[in-house]
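The block underneath contains the structure these notes are about, expressed in structure tokens.
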Amino acid sequence: MTIKINSMLRRLIILSIAALVAAQPLQAQEVKNIIYLIGDGMGLASVSMMQLENNYEPTIFDRATNVALQKTYSLDNRVTDSAASGTALATGTKTNNAMLGITPEGYAPQTLMELAAERGKATGLVVTTYLQHATPAAFYAHVRSRHEYAAIAEQLLHSDIDIAIGGGMAFFDERYGSREEAVKAIHDNGFRLYDSIDMAEGGSRSLIILADKEIEERTGYLATATAKAIQHLEEEDDGFVLMVEGSIIDGMGHGNDAEGQQGEMCDFMGAIEVAVAFAETHPGTLVVVTADHETGGLTIVSNDADFNLAEQGVEYRWTTKGHSGTMVPIYLYGTGAELINGVMENSELGAKLKELISH
Ligand SMILES: [Zn+2]
């Protein structure tokens, strides 16, 4: 009898200590804000190119405190497009190429932004392309084809998104028949409309539309726009979720333009710097940097096959004008960075981020 009580007591003590130890890191790890940065078409070679161009001085990618890998294939294709991969990253559910926020059976999974809004968090989007383009649209729209731009524009106005910065005024005009009607619809849905980042004030839903479609002129744009969006979103006490897309990295991959892609990567890295600086000063912020797929099949090859000789330079070589099916990296910073690990499906990353803001 005595022995039994002793062993029960010992077990109780061990359990209480275990519970105490477990409770500490769990509390410290609570993710309040997520900044999700997606380099459209950014493969591991794009990142390696920037490290090489930076003479291997640490880049923002090298400062990640954790890394993982994701498989990008879609439900109907081993090489994904941005609609299917955007849907996986935004909702945790894989779908067919060209479909946005909807499965072939017609199921519309909740997006990370919809869930965040439900949890009282503010939500935002920052892109270099138009806001109705596949990657941002995956976070608020549910349509069978990514090319239904007018319908997507309307769904943005009906969404709970608090701030969106990018191009795409042309698709509001198309949906509502004229610029005048488009502006009226934007206001009627509770948004203030701006055509400059500087003009935007905090305190209300804001649409900052800088171009009819893509934003052409934009040195340092992504960093400025990301800082603006964070400043707007952090007014919300319950936290926020912000998606930032380096949209044209993909276009440079399609064009097999290494120098052009370096410029787009610099712009994107500026936004990552802003996000990581915020996370460092605001505990509870998780920064996730990834891609939706690789574009161009970029490789970095030696000009000299004989590795016993001195290096004769390297070459950026492209192997396709389309997308490729290679895995893409995930870089993690800030609170909860250690919670995302290993080799995963793109949909698993989306599901994990939803889980992190679910409690
Ligand atoms: Zn593409």
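We name chains A, B, ... following the order of the structure tokens; residues begin at 1 in each chain, and ligands are numbered from 1 as shown.
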Subject >> DSSP strand (DSSP E or B) selection over region 75-224 of chain A, as a PyMOL selection string >> reply: chain A and resi 100+122-130+143+163-167+191-194+205-209
Residues just named, written with N, CA, C and O atoms as a compact mmCIF listing (two decimals), in the first residue's frame:
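Final output, out-v5.txt:
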```txt
# COMPACT_ATOMS: atom_id res chain seq x y z
N LEU A 100 -9.05 28.97 -57.97
CA LEU A 100 -8.70 29.86 -56.85
C LEU A 100 -9.67 29.68 -55.69
O LEU A 100 -10.87 29.97 -55.83
N ALA A 122 -6.68 41.98 -37.81
CA ALA A 122 -6.69 42.80 -39.02
C ALA A 122 -5.94 42.04 -40.12
O ALA A 122 -5.08 41.20 -39.83
N THR A 123 -6.28 42.29 -41.38
CA THR A 123 -5.64 41.57 -42.49
C THR A 123 -5.23 42.53 -43.60
O THR A 123 -5.90 43.52 -43.86
N GLY A 124 -4.12 42.18 -44.27
CA GLY A 124 -3.64 43.05 -45.34
C GLY A 124 -2.94 42.30 -46.45
O GLY A 124 -2.49 41.16 -46.27
N LEU A 125 -2.87 42.96 -47.61
CA LEU A 125 -2.21 42.41 -48.79
C LEU A 125 -1.33 43.50 -49.41
O LEU A 125 -1.78 44.64 -49.56
N VAL A 126 -0.11 43.12 -49.78
CA VAL A 126 0.78 44.04 -50.49
C VAL A 126 1.37 43.29 -51.67
O VAL A 126 1.97 42.21 -51.48
N VAL A 127 1.20 43.81 -52.89
CA VAL A 127 1.72 43.11 -54.08
C VAL A 127 2.32 44.11 -55.07
O VAL A 127 2.02 45.30 -55.02
N THR A 128 3.12 43.59 -55.98
CA THR A 128 3.67 44.45 -57.04
C THR A 128 2.85 44.32 -58.33
O THR A 128 2.99 45.11 -59.24
N THR A 129 2.01 43.30 -58.40
CA THR A 129 1.14 43.13 -59.55
C THR A 129 -0.25 43.66 -59.21
O THR A 129 -0.41 44.44 -58.28
N TYR A 130 -1.28 43.26 -59.94
CA TYR A 130 -2.62 43.70 -59.59
C TYR A 130 -3.18 42.84 -58.46
O TYR A 130 -2.85 41.65 -58.34
N VAL A 143 -13.14 31.36 -56.84
CA VAL A 143 -13.65 31.31 -58.22
C VAL A 143 -13.04 30.11 -58.95
O VAL A 143 -11.95 29.65 -58.62
N ILE A 163 -6.44 46.38 -45.39
CA ILE A 163 -5.61 47.25 -46.25
C ILE A 163 -5.05 46.41 -47.40
O ILE A 163 -4.60 45.28 -47.18
N ALA A 164 -5.11 46.95 -48.60
CA ALA A 164 -4.55 46.26 -49.76
C ALA A 164 -3.80 47.30 -50.58
O ALA A 164 -4.33 48.38 -50.87
N ILE A 165 -2.56 46.99 -50.92
CA ILE A 165 -1.72 47.92 -51.69
C ILE A 165 -1.21 47.19 -52.92
O ILE A 165 -0.60 46.12 -52.81
N GLY A 166 -1.46 47.75 -54.09
CA GLY A 166 -0.99 47.13 -55.33
C GLY A 166 -1.63 47.81 -56.53
O GLY A 166 -2.14 48.92 -56.43
N GLY A 167 -1.61 47.12 -57.67
CA GLY A 167 -2.28 47.64 -58.87
C GLY A 167 -3.64 46.99 -59.03
O GLY A 167 -4.10 46.25 -58.16
N PHE A 191 -14.35 51.09 -47.94
CA PHE A 191 -12.92 51.37 -48.16
C PHE A 191 -12.70 52.85 -48.45
O PHE A 191 -13.50 53.49 -49.13
N ARG A 192 -11.58 53.37 -47.99
CA ARG A 192 -11.08 54.63 -48.51
C ARG A 192 -10.15 54.27 -49.66
O ARG A 192 -9.41 53.29 -49.56
N LEU A 193 -10.17 55.06 -50.71
CA LEU A 193 -9.35 54.77 -51.89
C LEU A 193 -8.25 55.82 -52.04
O LEU A 193 -8.52 57.02 -51.95
N TYR A 194 -7.02 55.34 -52.22
CA TYR A 194 -5.89 56.26 -52.40
C TYR A 194 -5.10 55.86 -53.64
O TYR A 194 -5.09 54.68 -54.02
N ARG A 205 -10.64 51.06 -43.38
CA ARG A 205 -10.26 50.15 -44.46
C ARG A 205 -9.67 50.97 -45.61
O ARG A 205 -10.24 51.98 -46.02
N SER A 206 -8.54 50.54 -46.12
CA SER A 206 -7.88 51.32 -47.17
C SER A 206 -7.52 50.46 -48.36
O SER A 206 -6.98 49.36 -48.21
N LEU A 207 -7.81 51.00 -49.54
CA LEU A 207 -7.34 50.40 -50.80
C LEU A 207 -6.38 51.41 -51.40
O LEU A 207 -6.77 52.55 -51.66
N ILE A 208 -5.14 50.99 -51.55
CA ILE A 208 -4.15 51.89 -52.17
C ILE A 208 -3.83 51.28 -53.53
O ILE A 208 -3.11 50.29 -53.63
N ILE A 209 -4.41 51.87 -54.58
CA ILE A 209 -4.28 51.31 -55.93
C ILE A 209 -3.36 52.23 -56.73
O ILE A 209 -3.71 53.38 -57.01
```
Practice item. Using only C-alpha atoms, determine which residues lie at most 6 Å from Gly296 (chain A), disregarding the query and same-chain residues fewer than 4 positions distant; provide the list as an NGL selection string. Key: :A and (253-254 or 318 or 320-323)
TODO: Just the alpha helix (DSSP H) stuff from region 8-203 of chain A, please, per backbone DSSP, written as JSON, numbers by chain.
DONE: {"A": [8, 9, 10, 11, 12, 13, 14, 15, 16, 17, 18, 19, 20, 21, 22, 23, 24, 25, 26, 27, 28, 44, 45, 46, 47, 48, 49, 50, 51, 52, 53, 82, 83, 84, 85, 86, 87, 88, 89, 90, 91, 112, 113, 114, 115, 116, 117, 118, 134, 135, 136, 137, 149, 150, 151, 152, 153, 154, 155, 156, 157, 158, 169, 170, 171, 172, 173, 174, 175, 176, 179, 180, 181, 182, 183, 184, 185, 186, 187, 188]}
### Message
Show me which residues are within 12 Å of ligand 1 counting only C-alpha atoms and all ligand atoms, and format the list as a PyMOL selection string.
### Response
chain A and resi 39-42+79-86+97-98+133-135+247-256+291-297+320-324
Write out as a list in words which residues come within 9 Å of Thr91 (chain A) when counting only C-alpha atoms, dropping same-chain ones fewer than 5 positions away.
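The contact residues come out as Gly86, Gly101, Pro109, Gln110, Thr111, Leu112, Met113, Ala138, Phe139, Ser347, Gly350, Ala351 and Lys354 of chain A.
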Could those residues be written to a file, using all heavy atoms, as a compact mmCIF listing (two decimals), in the first residue's frame?
```txt
# COMPACT_ATOMS: atom_id res chain seq x y z
N GLY A 86 -1.17 29.11 -54.77
CA GLY A 86 -1.66 30.19 -53.89
C GLY A 86 -2.78 29.67 -53.00
O GLY A 86 -2.83 29.96 -51.80
N GLY A 101 -9.16 29.21 -54.55
CA GLY A 101 -9.99 29.12 -53.35
C GLY A 101 -11.17 28.20 -53.48
O GLY A 101 -12.17 28.35 -52.76
N PRO A 109 -12.63 26.20 -49.33
CA PRO A 109 -12.01 26.22 -48.01
C PRO A 109 -11.79 27.65 -47.51
O PRO A 109 -11.58 28.56 -48.30
CB PRO A 109 -10.66 25.52 -48.23
CG PRO A 109 -10.38 25.70 -49.69
CD PRO A 109 -11.70 25.74 -50.38
N GLN A 110 -11.88 27.81 -46.18
CA GLN A 110 -11.67 29.13 -45.58
C GLN A 110 -10.21 29.57 -45.79
O GLN A 110 -9.30 28.75 -45.63
CB GLN A 110 -11.98 29.06 -44.09
CG GLN A 110 -12.00 30.41 -43.40
CD GLN A 110 -12.38 30.30 -41.92
OE1 GLN A 110 -11.91 29.41 -41.22
NE2 GLN A 110 -13.21 31.20 -41.45
N THR A 111 -10.01 30.83 -46.13
CA THR A 111 -8.64 31.30 -46.30
C THR A 111 -8.07 31.77 -44.95
O THR A 111 -8.82 32.04 -44.01
CB THR A 111 -8.55 32.48 -47.30
OG1 THR A 111 -9.06 33.66 -46.64
CG2 THR A 111 -9.33 32.23 -48.58
N LEU A 112 -6.74 31.87 -44.91
CA LEU A 112 -6.05 32.36 -43.72
C LEU A 112 -6.60 33.74 -43.32
O LEU A 112 -6.80 34.02 -42.13
CB LEU A 112 -4.55 32.45 -44.02
CG LEU A 112 -3.63 32.97 -42.93
CD1 LEU A 112 -3.61 32.03 -41.72
CD2 LEU A 112 -2.20 33.14 -43.47
N MET A 113 -6.88 34.59 -44.31
CA MET A 113 -7.38 35.94 -44.01
C MET A 113 -8.80 35.89 -43.46
O MET A 113 -9.14 36.65 -42.55
CB MET A 113 -7.35 36.80 -45.28
CG MET A 113 -5.98 37.02 -45.87
SD MET A 113 -4.78 37.62 -44.65
CE MET A 113 -3.33 37.78 -45.67
N ALA A 138 -5.92 34.41 -54.00
CA ALA A 138 -6.10 33.15 -53.27
C ALA A 138 -6.42 33.39 -51.80
O ALA A 138 -6.96 32.53 -51.12
CB ALA A 138 -4.83 32.29 -53.40
N PHE A 139 -6.10 34.60 -51.30
CA PHE A 139 -6.32 34.90 -49.88
C PHE A 139 -7.72 35.46 -49.59
O PHE A 139 -8.07 35.64 -48.44
CB PHE A 139 -5.23 35.86 -49.38
CG PHE A 139 -3.91 35.16 -49.16
CD1 PHE A 139 -3.03 34.95 -50.22
CD2 PHE A 139 -3.57 34.66 -47.91
CE1 PHE A 139 -1.82 34.28 -50.02
CE2 PHE A 139 -2.37 33.99 -47.70
CZ PHE A 139 -1.49 33.79 -48.77
N SER A 347 0.24 22.72 -49.05
CA SER A 347 -1.03 22.82 -48.31
C SER A 347 -0.81 22.66 -46.81
O SER A 347 -1.53 23.25 -46.00
CB SER A 347 -2.01 21.76 -48.81
OG SER A 347 -1.39 20.49 -48.83
N GLY A 350 0.05 26.04 -45.39
CA GLY A 350 -1.16 26.85 -45.23
C GLY A 350 -1.98 26.41 -44.03
O GLY A 350 -2.45 27.24 -43.24
N ALA A 351 -2.12 25.10 -43.86
CA ALA A 351 -2.91 24.56 -42.75
C ALA A 351 -2.26 24.89 -41.41
O ALA A 351 -2.93 25.22 -40.43
CB ALA A 351 -3.07 23.05 -42.91
N LYS A 354 -2.89 28.47 -40.41
CA LYS A 354 -4.26 28.62 -39.92
C LYS A 354 -4.36 28.10 -38.48
O LYS A 354 -4.99 28.72 -37.63
CB LYS A 354 -5.23 27.87 -40.85
CG LYS A 354 -5.55 28.64 -42.13
CD LYS A 354 -6.30 27.81 -43.15
CE LYS A 354 -7.77 27.62 -42.81
NZ LYS A 354 -8.48 26.91 -43.93
```
Considering only C-alpha atoms, can you say which of A:Asp162, A:Glu53, A:Glu345, A:Glu105 comes closest to Glu234 (chain A)?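 Result for the nearest residue to Glu234 (chain A): A:Asp162.
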Worksheet item: Which residue, A:Thr65, A:Ile186, A:Ala45, A:Met50, has the smallest gap to Met265 (chain A) when you use only C-alpha atoms?
Response: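 Ranking A:Thr65, A:Ile186, A:Ala45, A:Met50 by distance to Met265 (chain A), first place goes to A:Met50.
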Hey, what's within 9 Å of region 151-157 of chain A if we count only C-alpha atoms and toss same-chain stuff fewer than 3 positions away? As a PyMOL selection string, please? chain A and resi 131-133+137+140-143+146-148+160-161+168-169+171-172+175-176+185-186+189-191
Can you work out which one of A:Val301, A:Val67, A:Leu52, A:Ala271 has the shortest atom-to-atom distance to Ile38 (chain A), counting only C-alpha atoms?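 For Ile38 (chain A), the nearest of the candidates is A:Ala271.
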